[in-house]
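Notes for the one structure printed next.
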Amino acid sequence: MTDIDPRLAEDRALRNAALAVLKADIEHAKTTFAPKSIARRTGTRMKEGAEEVYDLAIDKADDNRGVIAVLIGALFLFLARQPILEILGLGDAFESEPDDGEAGHG
């Protein structure tokens with residue numbers, strides 16, 4: 001039975017080492033997947049992504065100033081189309097006529 005005792009001690013030592021590794025992995029997983037940790041990582045990634053997009057947009061804007069000016073002008077004209085049409089006296093010309101279903105209800 002003396003052969004079993006050293007083997008049993010060795011097996012227990014291996015078991016205890018494996019248990020310690022498992023507990024360390026569980027603690028690591030708890031800290032990694034804690035809500036604060038996930039929120040912090042997500043916020044950091046979003047910030048880095050936004051900074052990268054901003055830098056890229058600035059680079060593209062420097063290269064295409066004319067295109068951006070045309071787009072801003074077109075957006076302004078689109079948003080101000082009704083007052084511009086009224087100034088030109090064309091405000092009522094582009095209003096749609098009532099549907100057939102609504103014509104007899106008045």
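Scheme for the structure tokens: letters A, B, ... for chains in order shown; per-chain residue numbers from 1; ligand numbers from 1 in order shown.
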Identify, with DSSP run on backbone atoms, the residues in chain A assigned to helix (DSSP H, G or I), and express the list as an mmCIF file with N, CA and C atoms, in the first residue's frame.
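Contents of the output file part_21.cif:
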```cif
data_model
loop_
_atom_site.group_PDB
_atom_site.id
_atom_site.type_symbol
_atom_site.label_atom_id
_atom_site.label_comp_id
_atom_site.auth_asym_id
_atom_site.auth_seq_id
_atom_site.Cartn_x
_atom_site.Cartn_y
_atom_site.Cartn_z
ATOM 1 N N ILE A 4 0.680 3.269 -3.266
ATOM 2 C CA ILE A 4 -0.520 4.070 -3.518
ATOM 3 C C ILE A 4 -0.400 5.456 -2.874
ATOM 4 N N ASP A 5 0.224 5.558 -1.707
ATOM 5 C CA ASP A 5 0.303 6.840 -1.002
ATOM 6 C C ASP A 5 1.019 7.932 -1.801
ATOM 7 N N PRO A 6 2.192 7.709 -2.374
ATOM 8 C CA PRO A 6 2.811 8.774 -3.172
ATOM 9 C C PRO A 6 1.989 9.123 -4.416
ATOM 10 N N ARG A 7 1.389 8.118 -5.007
ATOM 11 C CA ARG A 7 0.570 8.349 -6.194
ATOM 12 C C ARG A 7 -0.680 9.157 -5.838
ATOM 13 N N LEU A 8 -1.273 8.842 -4.690
ATOM 14 C CA LEU A 8 -2.444 9.567 -4.219
ATOM 15 C C LEU A 8 -2.077 11.025 -3.915
ATOM 16 N N ALA A 9 -0.942 11.249 -3.316
ATOM 17 C CA ALA A 9 -0.489 12.606 -3.012
ATOM 18 C C ALA A 9 -0.237 13.384 -4.307
ATOM 19 N N GLU A 10 0.349 12.725 -5.285
ATOM 20 C CA GLU A 10 0.601 13.375 -6.574
ATOM 21 C C GLU A 10 -0.708 13.726 -7.277
ATOM 22 N N ASP A 11 -1.665 12.809 -7.236
ATOM 23 C CA ASP A 11 -2.972 13.072 -7.846
ATOM 24 C C ASP A 11 -3.692 14.229 -7.152
ATOM 25 N N ARG A 12 -3.603 14.280 -5.830
ATOM 26 C CA ARG A 12 -4.223 15.375 -5.083
ATOM 27 C C ARG A 12 -3.561 16.712 -5.437
ATOM 28 N N ALA A 13 -2.256 16.703 -5.573
ATOM 29 C CA ALA A 13 -1.544 17.926 -5.935
ATOM 30 C C ALA A 13 -1.972 18.400 -7.321
ATOM 31 N N LEU A 14 -2.110 17.478 -8.266
ATOM 32 C CA LEU A 14 -2.576 17.829 -9.609
ATOM 33 C C LEU A 14 -4.006 18.370 -9.567
ATOM 34 N N ARG A 15 -4.839 17.712 -8.748
ATOM 35 C CA ARG A 15 -6.227 18.158 -8.625
ATOM 36 C C ARG A 15 -6.289 19.565 -8.036
ATOM 37 N N ASN A 16 -5.510 19.804 -6.999
ATOM 38 C CA ASN A 16 -5.514 21.122 -6.367
ATOM 39 C C ASN A 16 -4.979 22.202 -7.316
ATOM 40 N N ALA A 17 -3.970 21.871 -8.105
ATOM 41 C CA ALA A 17 -3.434 22.826 -9.080
ATOM 42 C C ALA A 17 -4.473 23.130 -10.151
ATOM 43 N N ALA A 18 -5.157 22.102 -10.623
ATOM 44 C CA ALA A 18 -6.200 22.300 -11.637
ATOM 45 C C ALA A 18 -7.344 23.129 -11.064
ATOM 46 N N LEU A 19 -7.701 22.896 -9.817
ATOM 47 C CA LEU A 19 -8.762 23.673 -9.176
ATOM 48 C C LEU A 19 -8.357 25.136 -9.038
ATOM 49 N N ALA A 20 -7.113 25.385 -8.703
ATOM 50 C CA ALA A 20 -6.624 26.763 -8.582
ATOM 51 C C ALA A 20 -6.666 27.467 -9.940
ATOM 52 N N VAL A 21 -6.280 26.776 -10.993
ATOM 53 C CA VAL A 21 -6.333 27.357 -12.342
ATOM 54 C C VAL A 21 -7.780 27.641 -12.732
ATOM 55 N N LEU A 22 -8.680 26.726 -12.427
ATOM 56 C CA LEU A 22 -10.094 26.905 -12.746
ATOM 57 C C LEU A 22 -10.666 28.104 -12.003
ATOM 58 N N LYS A 23 -10.353 28.228 -10.720
ATOM 59 C CA LYS A 23 -10.859 29.369 -9.946
ATOM 60 C C LYS A 23 -10.297 30.690 -10.482
ATOM 61 N N ALA A 24 -9.033 30.691 -10.876
ATOM 62 C CA ALA A 24 -8.438 31.898 -11.444
ATOM 63 C C ALA A 24 -9.130 32.259 -12.756
ATOM 64 N N ASP A 25 -9.437 31.260 -13.586
ATOM 65 C CA ASP A 25 -10.140 31.512 -14.847
ATOM 66 C C ASP A 25 -11.540 32.059 -14.594
ATOM 67 N N ILE A 26 -12.211 31.540 -13.588
ATOM 68 C CA ILE A 26 -13.561 32.015 -13.263
ATOM 69 C C ILE A 26 -13.500 33.472 -12.799
ATOM 70 N N GLU A 27 -12.561 33.819 -11.960
ATOM 71 C CA GLU A 27 -12.416 35.197 -11.496
ATOM 72 C C GLU A 27 -12.079 36.135 -12.656
ATOM 73 N N HIS A 28 -11.222 35.661 -13.538
ATOM 74 C CA HIS A 28 -10.882 36.467 -14.718
ATOM 75 C C HIS A 28 -12.108 36.692 -15.584
ATOM 76 N N ALA A 29 -12.913 35.663 -15.774
ATOM 77 C CA ALA A 29 -14.131 35.795 -16.578
ATOM 78 C C ALA A 29 -15.119 36.746 -15.910
ATOM 79 N N LYS A 30 -15.221 36.686 -14.584
ATOM 80 C CA LYS A 30 -16.130 37.589 -13.877
ATOM 81 C C LYS A 30 -15.723 39.047 -14.078
ATOM 82 N N THR A 31 -14.435 39.329 -13.978
ATOM 83 C CA THR A 31 -13.995 40.711 -14.159
ATOM 84 C C THR A 31 -14.078 41.137 -15.621
ATOM 85 N N THR A 32 -13.835 40.209 -16.536
ATOM 86 C CA THR A 32 -13.886 40.542 -17.962
ATOM 87 C C THR A 32 -15.314 40.834 -18.406
ATOM 88 N N PRO A 35 -20.462 44.149 -15.975
ATOM 89 C CA PRO A 35 -21.113 45.223 -16.750
ATOM 90 C C PRO A 35 -20.242 46.469 -16.907
ATOM 91 N N LYS A 36 -19.517 46.862 -15.862
ATOM 92 C CA LYS A 36 -18.667 48.043 -15.971
ATOM 93 C C LYS A 36 -17.540 47.813 -16.972
ATOM 94 N N SER A 37 -16.994 46.616 -16.961
ATOM 95 C CA SER A 37 -15.893 46.309 -17.870
ATOM 96 C C SER A 37 -16.368 46.323 -19.316
ATOM 97 N N ILE A 38 -17.515 45.733 -19.558
ATOM 98 C CA ILE A 38 -18.056 45.698 -20.919
ATOM 99 C C ILE A 38 -18.389 47.112 -21.384
ATOM 100 N N ALA A 39 -19.001 47.906 -20.505
ATOM 101 C CA ALA A 39 -19.347 49.281 -20.875
ATOM 102 C C ALA A 39 -18.092 50.095 -21.156
ATOM 103 N N ARG A 40 -17.067 49.904 -20.354
ATOM 104 C CA ARG A 40 -15.823 50.642 -20.551
ATOM 105 C C ARG A 40 -15.190 50.275 -21.883
ATOM 106 N N ARG A 41 -15.134 48.975 -22.186
ATOM 107 C CA ARG A 41 -14.535 48.544 -23.459
ATOM 108 C C ARG A 41 -15.354 49.034 -24.636
ATOM 109 N N THR A 42 -16.683 48.961 -24.522
ATOM 110 C CA THR A 42 -17.543 49.415 -25.610
ATOM 111 C C THR A 42 -17.366 50.910 -25.829
ATOM 112 N N GLY A 43 -17.337 51.662 -24.742
ATOM 113 C CA GLY A 43 -17.139 53.106 -24.856
ATOM 114 C C GLY A 43 -15.804 53.440 -25.483
ATOM 115 N N THR A 44 -14.775 52.728 -25.088
ATOM 116 C CA THR A 44 -13.442 52.972 -25.649
ATOM 117 C C THR A 44 -13.428 52.667 -27.143
ATOM 118 N N ARG A 45 -14.020 51.557 -27.522
ATOM 119 C CA ARG A 45 -14.046 51.195 -28.949
ATOM 120 C C ARG A 45 -14.861 52.187 -29.759
ATOM 121 N N MET A 46 -15.982 52.643 -29.189
ATOM 122 C CA MET A 46 -16.799 53.622 -29.909
ATOM 123 C C MET A 46 -16.036 54.936 -30.054
ATOM 124 N N LYS A 47 -15.342 55.344 -29.005
ATOM 125 C CA LYS A 47 -14.566 56.585 -29.056
ATOM 126 C C LYS A 47 -13.467 56.488 -30.108
ATOM 127 N N GLU A 48 -12.754 55.370 -30.109
ATOM 128 C CA GLU A 48 -11.684 55.192 -31.096
ATOM 129 C C GLU A 48 -12.245 55.173 -32.512
ATOM 130 N N GLY A 49 -13.378 54.497 -32.694
ATOM 131 C CA GLY A 49 -14.001 54.455 -34.017
ATOM 132 C C GLY A 49 -14.470 55.827 -34.464
ATOM 133 N N ALA A 50 -15.049 56.602 -33.537
ATOM 134 C CA ALA A 50 -15.515 57.942 -33.878
ATOM 135 C C ALA A 50 -14.333 58.845 -34.231
ATOM 136 N N GLU A 51 -13.250 58.727 -33.488
ATOM 137 C CA GLU A 51 -12.070 59.530 -33.799
ATOM 138 C C GLU A 51 -11.517 59.178 -35.174
ATOM 139 N N GLU A 52 -11.531 57.896 -35.502
ATOM 140 C CA GLU A 52 -11.030 57.458 -36.802
ATOM 141 C C GLU A 52 -11.914 57.985 -37.936
ATOM 142 N N VAL A 53 -13.227 57.921 -37.745
ATOM 143 C CA VAL A 53 -14.152 58.430 -38.757
ATOM 144 C C VAL A 53 -13.997 59.936 -38.897
ATOM 145 N N TYR A 54 -13.828 60.630 -37.783
ATOM 146 C CA TYR A 54 -13.644 62.082 -37.812
ATOM 147 C C TYR A 54 -12.373 62.455 -38.573
ATOM 148 N N ASP A 55 -11.289 61.756 -38.289
ATOM 149 C CA ASP A 55 -10.032 62.030 -38.994
ATOM 150 C C ASP A 55 -10.175 61.772 -40.491
ATOM 151 N N LEU A 56 -10.843 60.683 -40.829
ATOM 152 C CA LEU A 56 -11.061 60.367 -42.242
ATOM 153 C C LEU A 56 -11.934 61.421 -42.909
ATOM 154 N N ALA A 57 -12.957 61.890 -42.202
ATOM 155 C CA ALA A 57 -13.846 62.909 -42.763
ATOM 156 C C ALA A 57 -13.095 64.212 -42.996
ATOM 157 N N ILE A 58 -12.224 64.566 -42.069
ATOM 158 C CA ILE A 58 -11.441 65.788 -42.248
ATOM 159 C C ILE A 58 -10.512 65.665 -43.449
ATOM 160 N N ASP A 59 -9.879 64.504 -43.595
ATOM 161 C CA ASP A 59 -9.005 64.297 -44.747
ATOM 162 C C ASP A 59 -9.782 64.400 -46.053
ATOM 163 N N LYS A 60 -10.943 63.772 -46.101
ATOM 164 C CA LYS A 60 -11.760 63.817 -47.319
ATOM 165 C C LYS A 60 -12.298 65.224 -47.567
ATOM 166 N N ALA A 61 -12.659 65.927 -46.500
ATOM 167 C CA ALA A 61 -13.187 67.283 -46.656
ATOM 168 C C ALA A 61 -12.114 68.215 -47.205
ATOM 169 N N ASP A 62 -10.874 68.044 -46.754
ATOM 170 C CA ASP A 62 -9.796 68.871 -47.281
ATOM 171 C C ASP A 62 -9.579 68.614 -48.771
ATOM 172 N N ASP A 63 -9.775 67.371 -49.185
ATOM 173 C CA ASP A 63 -9.574 67.020 -50.591
ATOM 174 C C ASP A 63 -10.741 67.440 -51.479
ATOM 175 N N ARG A 65 -13.334 70.134 -51.059
ATOM 176 C CA ARG A 65 -14.040 71.312 -50.532
ATOM 177 C C ARG A 65 -15.174 71.751 -51.464
ATOM 178 N N GLY A 66 -14.963 71.696 -52.758
ATOM 179 C CA GLY A 66 -15.991 72.110 -53.712
ATOM 180 C C GLY A 66 -17.226 71.237 -53.643
ATOM 181 N N VAL A 67 -17.031 69.954 -53.537
ATOM 182 C CA VAL A 67 -18.162 69.025 -53.464
ATOM 183 C C VAL A 67 -18.963 69.270 -52.195
ATOM 184 N N ILE A 68 -18.263 69.506 -51.101
ATOM 185 C CA ILE A 68 -18.950 69.757 -49.838
ATOM 186 C C ILE A 68 -19.737 71.062 -49.917
ATOM 187 N N ALA A 69 -19.177 72.084 -50.538
ATOM 188 C CA ALA A 69 -19.891 73.357 -50.683
ATOM 189 C C ALA A 69 -21.156 73.172 -51.514
ATOM 190 N N VAL A 70 -21.077 72.400 -52.580
ATOM 191 C CA VAL A 70 -22.253 72.142 -53.410
ATOM 192 C C VAL A 70 -23.311 71.365 -52.622
ATOM 193 N N LEU A 71 -22.889 70.380 -51.847
ATOM 194 C CA LEU A 71 -23.845 69.605 -51.046
ATOM 195 C C LEU A 71 -24.524 70.468 -49.990
ATOM 196 N N ILE A 72 -23.773 71.346 -49.347
ATOM 197 C CA ILE A 72 -24.375 72.230 -48.345
ATOM 198 C C ILE A 72 -25.346 73.189 -49.016
ATOM 199 N N GLY A 73 -24.979 73.714 -50.173
ATOM 200 C CA GLY A 73 -25.881 74.594 -50.914
ATOM 201 C C GLY A 73 -27.155 73.886 -51.343
ATOM 202 N N ALA A 74 -27.012 72.657 -51.820
ATOM 203 C CA ALA A 74 -28.189 71.883 -52.232
ATOM 204 C C ALA A 74 -29.081 71.579 -51.038
ATOM 205 N N LEU A 75 -28.494 71.274 -49.907
ATOM 206 C CA LEU A 75 -29.275 71.007 -48.698
ATOM 207 C C LEU A 75 -30.022 72.265 -48.266
ATOM 208 N N PHE A 76 -29.342 73.403 -48.311
ATOM 209 C CA PHE A 76 -29.992 74.667 -47.962
ATOM 210 C C PHE A 76 -31.175 74.945 -48.899
ATOM 211 N N LEU A 77 -30.962 74.787 -50.196
ATOM 212 C CA LEU A 77 -32.054 75.020 -51.148
ATOM 213 C C LEU A 77 -33.207 74.054 -50.931
ATOM 214 N N PHE A 78 -32.904 72.813 -50.591
ATOM 215 C CA PHE A 78 -33.961 71.836 -50.351
ATOM 216 C C PHE A 78 -34.776 72.226 -49.123
ATOM 217 N N LEU A 79 -34.094 72.621 -48.058
ATOM 218 C CA LEU A 79 -34.803 72.969 -46.831
ATOM 219 C C LEU A 79 -35.567 74.283 -46.963
ATOM 220 N N ARG A 81 -36.936 75.431 -49.829
ATOM 221 C CA ARG A 81 -37.625 75.435 -51.119
ATOM 222 C C ARG A 81 -38.990 76.112 -51.055
ATOM 223 N N GLN A 82 -39.766 75.897 -50.003
ATOM 224 C CA GLN A 82 -41.108 76.476 -49.937
ATOM 225 C C GLN A 82 -41.054 78.003 -49.855
ATOM 226 N N PRO A 83 -40.255 78.596 -48.963
ATOM 227 C CA PRO A 83 -40.180 80.069 -48.955
ATOM 228 C C PRO A 83 -39.649 80.639 -50.269
ATOM 229 N N ILE A 84 -38.715 79.956 -50.893
ATOM 230 C CA ILE A 84 -38.173 80.433 -52.174
ATOM 231 C C ILE A 84 -39.249 80.397 -53.250
ATOM 232 N N LEU A 85 -40.033 79.319 -53.292
ATOM 233 C CA LEU A 85 -41.119 79.225 -54.273
ATOM 234 C C LEU A 85 -42.180 80.290 -54.025
ATOM 235 N N GLU A 86 -42.456 80.595 -52.754
ATOM 236 C CA GLU A 86 -43.436 81.638 -52.453
ATOM 237 C C GLU A 86 -42.926 83.012 -52.881
ATOM 238 N N ILE A 87 -41.635 83.262 -52.695
ATOM 239 C CA ILE A 87 -41.060 84.536 -53.129
ATOM 240 C C ILE A 87 -41.176 84.682 -54.644
ATOM 241 N N ASP A 100 -59.410 61.577 -55.360
ATOM 242 C CA ASP A 100 -60.797 61.401 -55.780
ATOM 243 C C ASP A 100 -61.697 61.045 -54.605
ATOM 244 N N GLY A 101 -61.170 60.320 -53.640
ATOM 245 C CA GLY A 101 -61.975 59.890 -52.495
ATOM 246 C C GLY A 101 -62.312 61.039 -51.575
ATOM 247 N N GLU A 102 -61.517 62.111 -51.590
ATOM 248 C CA GLU A 102 -61.754 63.246 -50.697
ATOM 249 C C GLU A 102 -62.573 64.337 -51.376
ATOM 250 N N ALA A 103 -62.738 64.318 -52.677
ATOM 251 C CA ALA A 103 -63.372 65.400 -53.415
ATOM 252 C C ALA A 103 -64.847 65.548 -53.084
#
```
